[in-house]
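Undergrad: Hey, dropping my_file.pdb in here, PDB, C-alpha atoms and all ligand atoms:
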```
ATOM      1  CA  MET A   3    -220.092-201.485   1.373
ATOM      2  CA  ASN A   4    -216.801-202.849   0.317
ATOM      3  CA  GLU A   5    -217.116-206.532  -0.510
ATOM      4  CA  ARG A   6    -213.376-206.857   0.058
ATOM      5  CA  ILE A   7    -213.953-206.474   3.833
ATOM      6  CA  GLU A   8    -215.351-209.386   5.834
ATOM      7  CA  VAL A   9    -216.104-209.893   9.533
ATOM      8  CA  VAL A  10    -215.102-213.304  10.858
ATOM      9  CA  PHE A  11    -215.302-214.850  14.304
ATOM     10  CA  GLY A  12    -212.473-216.836  15.872
ATOM     11  CA  ASP A  13    -208.772-217.282  16.455
ATOM     12  CA  ILE A  14    -206.626-215.187  14.110
ATOM     13  CA  THR A  15    -203.678-217.582  14.411
ATOM     14  CA  LYS A  16    -205.621-220.274  12.530
ATOM     15  CA  LEU A  17    -206.367-218.228   9.436
ATOM     16  CA  GLU A  18    -204.959-219.064   6.041
ATOM     17  CA  VAL A  19    -204.235-215.588   4.787
ATOM     18  CA  ASP A  20    -201.082-213.961   3.449
ATOM     19  CA  ALA A  21    -200.662-211.836   6.587
ATOM     20  CA  ILE A  22    -202.100-211.550  10.066
ATOM     21  CA  VAL A  23    -201.785-208.352  12.066
ATOM     22  CA  ASN A  24    -200.527-208.489  15.623
ATOM     23  CA  ALA A  25    -201.778-206.017  18.260
ATOM     24  CA  ALA A  26    -198.358-205.709  19.848
ATOM     25  CA  ASN A  27    -196.734-203.340  22.336
ATOM     26  CA  SER A  28    -193.906-200.991  21.460
ATOM     27  CA  LYS A  29    -191.178-203.377  22.597
ATOM     28  CA  LEU A  30    -192.339-206.020  20.091
ATOM     29  CA  LEU A  31    -191.183-208.786  22.406
ATOM     30  CA  GLY A  32    -194.476-210.589  22.889
ATOM     31  CA  GLY A  33    -197.103-210.260  25.602
ATOM     32  CA  GLY A  34    -200.616-211.445  26.426
ATOM     33  CA  GLY A  35    -203.833-211.455  24.382
ATOM     34  CA  VAL A  36    -203.553-211.872  20.655
ATOM     35  CA  ASP A  37    -199.810-211.069  20.792
ATOM     36  CA  GLY A  38    -199.187-214.045  23.098
ATOM     37  CA  ALA A  39    -201.344-216.313  20.934
ATOM     38  CA  ILE A  40    -199.470-215.314  17.764
ATOM     39  CA  HIS A  41    -196.044-215.842  19.338
ATOM     40  CA  ARG A  42    -197.089-219.248  20.721
ATOM     41  CA  ALA A  43    -198.431-220.372  17.365
ATOM     42  CA  ALA A  44    -195.531-218.979  15.322
ATOM     43  CA  GLY A  45    -192.781-220.414  17.544
ATOM     44  CA  PRO A  46    -189.455-218.969  18.729
ATOM     45  CA  GLY A  47    -188.291-217.783  15.307
ATOM     46  CA  LEU A  48    -190.796-214.945  15.495
ATOM     47  CA  LEU A  49    -189.442-213.599  18.782
ATOM     48  CA  GLU A  50    -185.917-213.816  17.440
ATOM     49  CA  GLU A  51    -186.794-211.732  14.379
ATOM     50  CA  CYS A  52    -188.770-209.282  16.537
ATOM     51  CA  ARG A  53    -185.740-208.727  18.769
ATOM     52  CA  SER A  54    -183.791-207.516  15.753
ATOM     53  CA  LEU A  55    -186.393-204.812  15.008
ATOM     54  CA  GLY A  56    -185.694-202.665  18.069
ATOM     55  CA  GLY A  57    -189.340-201.905  18.866
ATOM     56  CA  CYS A  58    -192.081-199.923  17.153
ATOM     57  CA  PRO A  59    -193.664-196.609  18.191
ATOM     58  CA  THR A  60    -197.426-196.390  18.742
ATOM     59  CA  GLY A  61    -199.305-196.045  15.452
ATOM     60  CA  GLU A  62    -196.503-197.534  13.358
ATOM     61  CA  ALA A  63    -196.106-201.073  11.990
ATOM     62  CA  ARG A  64    -193.343-203.583  11.246
ATOM     63  CA  ILE A  65    -193.350-206.784   9.212
ATOM     64  CA  THR A  66    -191.827-210.197   9.939
ATOM     65  CA  LYS A  67    -192.182-213.674   8.562
ATOM     66  CA  GLY A  68    -194.928-215.946   9.913
ATOM     67  CA  TYR A  69    -192.742-218.940  10.854
ATOM     68  CA  ARG A  70    -195.031-221.833  11.915
ATOM     69  CA  LEU A  71    -198.220-219.905  11.168
ATOM     70  CA  ALA A  72    -200.220-220.624   8.033
ATOM     71  CA  ALA A  73    -199.827-216.911   7.280
ATOM     72  CA  LYS A  74    -196.609-216.064   5.435
ATOM     73  CA  TRP A  75    -196.283-212.692   7.177
ATOM     74  CA  VAL A  76    -197.027-211.055  10.511
ATOM     75  CA  ILE A  77    -197.543-207.307  10.546
ATOM     76  CA  HIS A  78    -196.947-206.022  14.050
ATOM     77  CA  THR A  79    -198.615-202.778  14.943
ATOM     78  CA  VAL A  80    -198.959-200.893  18.196
ATOM     79  CA  GLY A  81    -202.327-199.387  19.013
ATOM     80  CA  PRO A  82    -202.808-196.667  21.624
ATOM     81  CA  ILE A  83    -203.587-197.288  25.274
ATOM     82  CA  TRP A  84    -207.030-195.791  25.950
ATOM     83  CA  ARG A  85    -206.724-192.832  28.335
ATOM     84  CA  GLY A  86    -210.197-191.353  28.010
ATOM     85  CA  GLY A  87    -210.091-190.187  24.398
ATOM     86  CA  ALA A  88    -208.323-186.833  24.662
ATOM     87  CA  TYR A  89    -204.811-188.115  23.983
ATOM     88  CA  CYS A  90    -204.990-188.652  20.217
ATOM     89  CA  GLU A  91    -206.173-192.217  20.731
ATOM     90  CA  ASP A  92    -208.515-192.110  17.707
ATOM     91  CA  GLU A  93    -205.831-190.818  15.351
ATOM     92  CA  LEU A  94    -203.210-193.246  16.676
ATOM     93  CA  LEU A  95    -205.566-196.181  16.180
ATOM     94  CA  ALA A  96    -206.354-194.985  12.649
ATOM     95  CA  LYS A  97    -202.610-194.740  11.965
ATOM     96  CA  ALA A  98    -202.045-198.297  13.195
ATOM     97  CA  TYR A  99    -204.571-199.574  10.631
ATOM     98  CA  ARG A 100    -203.250-197.323   7.861
ATOM     99  CA  ASN A 101    -199.593-198.179   8.395
ATOM    100  CA  SER A 102    -200.374-201.903   8.529
ATOM    101  CA  LEU A 103    -202.228-201.661   5.219
ATOM    102  CA  LYS A 104    -199.360-199.686   3.673
ATOM    103  CA  LEU A 105    -196.930-202.452   4.635
ATOM    104  CA  ALA A 106    -199.322-205.012   3.171
ATOM    105  CA  GLU A 107    -199.452-203.091  -0.092
ATOM    106  CA  GLU A 108    -195.658-202.721  -0.240
ATOM    107  CA  ASN A 109    -195.211-206.456   0.291
ATOM    108  CA  ARG A 110    -197.833-207.424  -2.309
ATOM    109  CA  ILE A 111    -200.011-209.035   0.335
ATOM    110  CA  LYS A 112    -203.424-209.910  -1.059
ATOM    111  CA  THR A 113    -205.242-211.246   1.998
ATOM    112  CA  ILE A 114    -204.828-209.817   5.493
ATOM    113  CA  ALA A 115    -206.566-210.357   8.841
ATOM    114  CA  PHE A 116    -206.787-207.784  11.637
ATOM    115  CA  PRO A 117    -207.664-208.365  15.295
ATOM    116  CA  ALA A 118    -209.589-205.614  17.118
ATOM    117  CA  ILE A 119    -206.457-203.594  17.875
ATOM    118  CA  SER A 120    -206.319-201.882  21.305
ATOM    119  CA  THR A 121    -209.711-203.207  22.451
ATOM    120  CA  GLY A 122    -208.354-205.782  24.913
ATOM    121  CA  ALA A 123    -205.608-204.976  27.429
ATOM    122  CA  TYR A 124    -205.322-201.432  26.021
ATOM    123  CA  GLY A 125    -208.960-200.674  26.911
ATOM    124  CA  PHE A 126    -210.107-198.847  23.757
ATOM    125  CA  PRO A 127    -213.943-198.996  23.621
ATOM    126  CA  VAL A 128    -214.766-201.595  20.990
ATOM    127  CA  GLU A 129    -217.692-199.701  19.488
ATOM    128  CA  ARG A 130    -215.553-196.646  18.842
ATOM    129  CA  ALA A 131    -212.587-198.736  17.663
ATOM    130  CA  SER A 132    -214.713-200.667  15.163
ATOM    131  CA  LEU A 133    -215.927-197.437  13.537
ATOM    132  CA  ILE A 134    -212.335-196.289  13.130
ATOM    133  CA  ALA A 135    -211.222-199.659  11.756
ATOM    134  CA  ALA A 136    -214.083-199.803   9.235
ATOM    135  CA  ALA A 137    -213.529-196.216   8.065
ATOM    136  CA  GLU A 138    -209.753-196.555   7.706
ATOM    137  CA  ILE A 139    -209.881-199.863   5.883
ATOM    138  CA  SER A 140    -212.667-198.830   3.487
ATOM    139  CA  GLY A 141    -210.888-195.550   2.764
ATOM    140  CA  PHE A 142    -207.602-197.323   2.102
ATOM    141  CA  LEU A 143    -209.164-199.914  -0.199
ATOM    142  CA  GLU A 144    -210.808-197.206  -2.287
ATOM    143  CA  ASP A 145    -207.356-196.122  -3.473
ATOM    144  CA  ASN A 146    -205.809-199.585  -3.510
ATOM    145  CA  GLY A 147    -206.429-202.292  -6.052
ATOM    146  CA  SER A 148    -203.942-204.920  -4.935
ATOM    147  CA  ILE A 149    -205.406-206.065  -1.593
ATOM    148  CA  GLU A 150    -208.150-208.582  -2.339
ATOM    149  CA  LYS A 151    -209.527-209.332   1.100
ATOM    150  CA  VAL A 152    -209.367-207.787   4.570
ATOM    151  CA  LEU A 153    -210.727-209.932   7.400
ATOM    152  CA  LEU A 154    -211.820-208.275  10.632
ATOM    153  CA  VAL A 155    -211.382-210.973  13.230
ATOM    154  CA  CYS A 156    -213.635-210.868  16.292
ATOM    155  CA  PHE A 157    -212.972-212.771  19.459
ATOM    156  CA  SER A 158    -216.248-211.901  21.185
ATOM    157  CA  GLU A 159    -219.859-211.622  20.072
ATOM    158  CA  ARG A 160    -219.891-208.018  21.219
ATOM    159  CA  ALA A 161    -216.977-207.166  18.932
ATOM    160  CA  GLU A 162    -218.662-208.990  16.070
ATOM    161  CA  ARG A 163    -221.873-206.974  16.528
ATOM    162  CA  CYS A 164    -219.907-203.715  16.660
ATOM    163  CA  TYR A 165    -217.953-204.542  13.519
ATOM    164  CA  LEU A 166    -221.014-205.543  11.524
ATOM    165  CA  ARG A 167    -222.706-202.287  12.501
ATOM    166  CA  ALA A 168    -219.589-200.233  11.740
ATOM    167  CA  LEU A 169    -219.314-201.768   8.288
ATOM    168  CA  GLU A 170    -222.959-200.984   7.589
ATOM    169  CA  GLU A 171    -222.255-197.373   8.513
ATOM    170  CA  SER A 172    -219.192-197.124   6.289
ATOM    171  CA  ARG A 173    -221.157-198.328   3.243
TER     172      ARG A 173
HETATM  173  N1  LIG A 201    -207.548-214.130  17.773
HETATM  174  C1  LIG A 201    -208.250-213.002  17.501
HETATM  175  N2  LIG A 201    -208.461-212.019  18.396
HETATM  176  C2  LIG A 201    -207.953-212.208  19.644
HETATM  177  C3  LIG A 201    -207.209-213.353  20.011
HETATM  178  C4  LIG A 201    -207.011-214.358  19.009
HETATM  179  N3  LIG A 201    -206.330-215.471  19.252
HETATM  180  N4  LIG A 201    -206.831-213.226  21.319
HETATM  181  C5  LIG A 201    -207.329-212.046  21.746
HETATM  182  N5  LIG A 201    -208.011-211.434  20.746
HETATM  183  P1  LIG A 201    -205.278-207.538  23.110
HETATM  184  P2  LIG A 201    -204.514-204.722  22.802
HETATM  185  C6  LIG A 201    -208.705-210.125  20.738
HETATM  186  O1  LIG A 201    -205.360-207.412  24.582
HETATM  187  O2  LIG A 201    -205.767-204.278  23.475
HETATM  188  C7  LIG A 201    -200.726-207.580  24.704
HETATM  189  O3  LIG A 201    -200.234-208.054  25.918
HETATM  190  C8  LIG A 201    -209.159-209.573  22.061
HETATM  191  O4  LIG A 201    -210.402-210.142  22.448
HETATM  192  O5  LIG A 201    -204.651-208.760  22.542
HETATM  193  O6  LIG A 201    -204.096-204.032  21.526
HETATM  194  C9  LIG A 201    -199.673-206.857  23.884
HETATM  195  O7  LIG A 201    -198.377-207.382  24.113
HETATM  196  C10 LIG A 201    -209.302-208.100  21.740
HETATM  197  O8  LIG A 201    -210.557-207.843  21.126
HETATM  198  O9  LIG A 201    -204.477-206.291  22.447
HETATM  199  C11 LIG A 201    -199.793-205.443  24.383
HETATM  200  O10 LIG A 201    -199.038-205.225  25.552
HETATM  201  C12 LIG A 201    -208.216-207.859  20.688
HETATM  202  O11 LIG A 201    -207.781-209.156  20.281
HETATM  203  C13 LIG A 201    -201.247-205.296  24.676
HETATM  204  O12 LIG A 201    -201.726-206.602  24.971
HETATM  205  C14 LIG A 201    -207.036-207.059  21.190
HETATM  206  O13 LIG A 201    -206.753-207.409  22.531
HETATM  207  C15 LIG A 201    -202.009-204.769  23.498
HETATM  208  O14 LIG A 201    -203.354-204.574  23.858
END
```
Represent the structure contained in this file as structure tokens.
Ligand code: AR6
TA:
Amino acid sequence: MNERIEVVFGDITKLEVDAIVNAANSKLLGGGGVDGAIHRAAGPGLLEECRSLGGCPTGEARITKGYRLAAKWVIHTVGPIWRGGAYCEDELLAKAYRNSLKLAEENRIKTIAFPAISTGAYGFPVERASLIAAAEISGFLEDNGSIEKVLLVCFSERAERCYLRALEESR
């Protein structure tokens, strides 16, 4: 297994990493869940910069500064809304991880933390999502030497169990 990937439990807004990833919606104007927590912790500067971006399609990612966060950057990505699994949800979730990592690489980010994208309000089953996250991140890191650490941040014990199992399987 890739020792550059680590599962951690807790609030992503508190982490001292170069970048945290936001599970946003396509308007990029804030919302509930982890998006709301990130905007609250970062302060109004984040929303102002987000307004200038003009949104983000599902599966893509955009980068902003971190404002009052310890993280220097926020990478905003939009995961798919779960609609039963036959609407390209798996591929769109994989793309959200991939495009976030590409932005990290382009911006010379060495440490990055992801929340469990789409598994809250968007209803993506966490077990399935964690397998996709683990596979995409391990695959990306195989071809990338510049990212030193990827944290998978869990906000529930269930998510933590799923992630640990998914990482075992991607070894
Ligand atoms: N730190 C880490 N993880 C968190 C935190 C936190 N502070 N808060 C929640 N989570 P969600 P989605 C976990 O709903 O499913 C928003 O309104 C949470 O337990 O935040 O991609 C956006 O604006 C779950 O496992 O994002 C969109 O409209 C995971 O983060 C929509 O929700 C993702 O849950 C996006 O839905």
Undergrad: So what does the PyMOL selection byres (((not hetatm)) within 9 of (chain A and resi 201)) actually pick up in this one, as a PyMOL selection string?
TA: chain A and resi 11-16+24-40+79-84+116-126+128+155-158+161
Undergrad: A:Ser140, A:Val23, A:Leu154, A:Ile134: which is nearest Leu166 in chain A, counting all atoms listed in the file?
TA: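 Counting all atoms listed in the file, the residue closest to Leu166 in chain A is A:Leu154.
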Undergrad: Would you please work out which residue, of A:Lys112, A:Arg160, A:Lys151, A:His41, is nearest to Val76 in chain A when using all atoms listed in the file?
TA: A:His41
Undergrad: To one decimal place, how far is CA of Arg167 in chain A from CA of Ile7 in chain A in Å?
TA: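 Straight-line distance from CA of Arg167 in chain A to CA of Ile7 in chain A works out to 13.0 Å.
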Undergrad: With all atoms listed in the file as the atoms that count, which of A:Glu170, A:Glu107, A:Glu162, A:Glu129 lies nearest to Asn146 in chain A?
TA: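 Closest residue, counting all atoms listed in the file: A:Glu107.
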Undergrad: List the residues selected by the PyMOL selection byres (((chain A and resi 55) around 10) and not hetatm) in the file shown, writing them as a list in words.
TA: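 What the PyMOL selection byres (((chain A and resi 55) around 10) and not hetatm) grabs from the file is Lys29, Leu30, Leu31, Glu50, Glu51, Cys52, Arg53, Ser54, Gly56, Gly57, Cys58, Arg64, Ile65 and Thr66 of chain A.
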Undergrad: In Å, with one decimal, what is the gap from CA of Ile139 in chain A to CA of Lys67 in chain A?
TA: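 So the answer is 22.6 Å.
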Undergrad: Kindly indicate which residue among A:Asp145, A:Glu138, A:Glu18, A:Glu8 lies nearest to Lys97 in chain A, using only C-alpha atoms for the distances.
TA: A:Glu138
Undergrad: For Tyr69 in chain A, which residue out of A:Leu169, A:Ser102, A:Ala136, A:Arg42 is the nearest one, using only C-alpha atoms?
TA: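 Using only C-alpha atoms, Tyr69 in chain A sits closest to A:Arg42.
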Undergrad: So which one's closest to Gly68 in chain A, A:Glu159, A:Glu93, A:Glu108, A:Asp20? Using all atoms listed in the file, please.
TA: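 Of all the options, A:Asp20 lies closest to Gly68 in chain A.
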Undergrad: Expressed in Å to a single decimal, how great is the separation between CA of Glu150 in chain A and CA of Leu105 in chain A?
TA: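 Value for the CA of Glu150 in chain A-CA of Leu105 in chain A distance: 14.6 Å.
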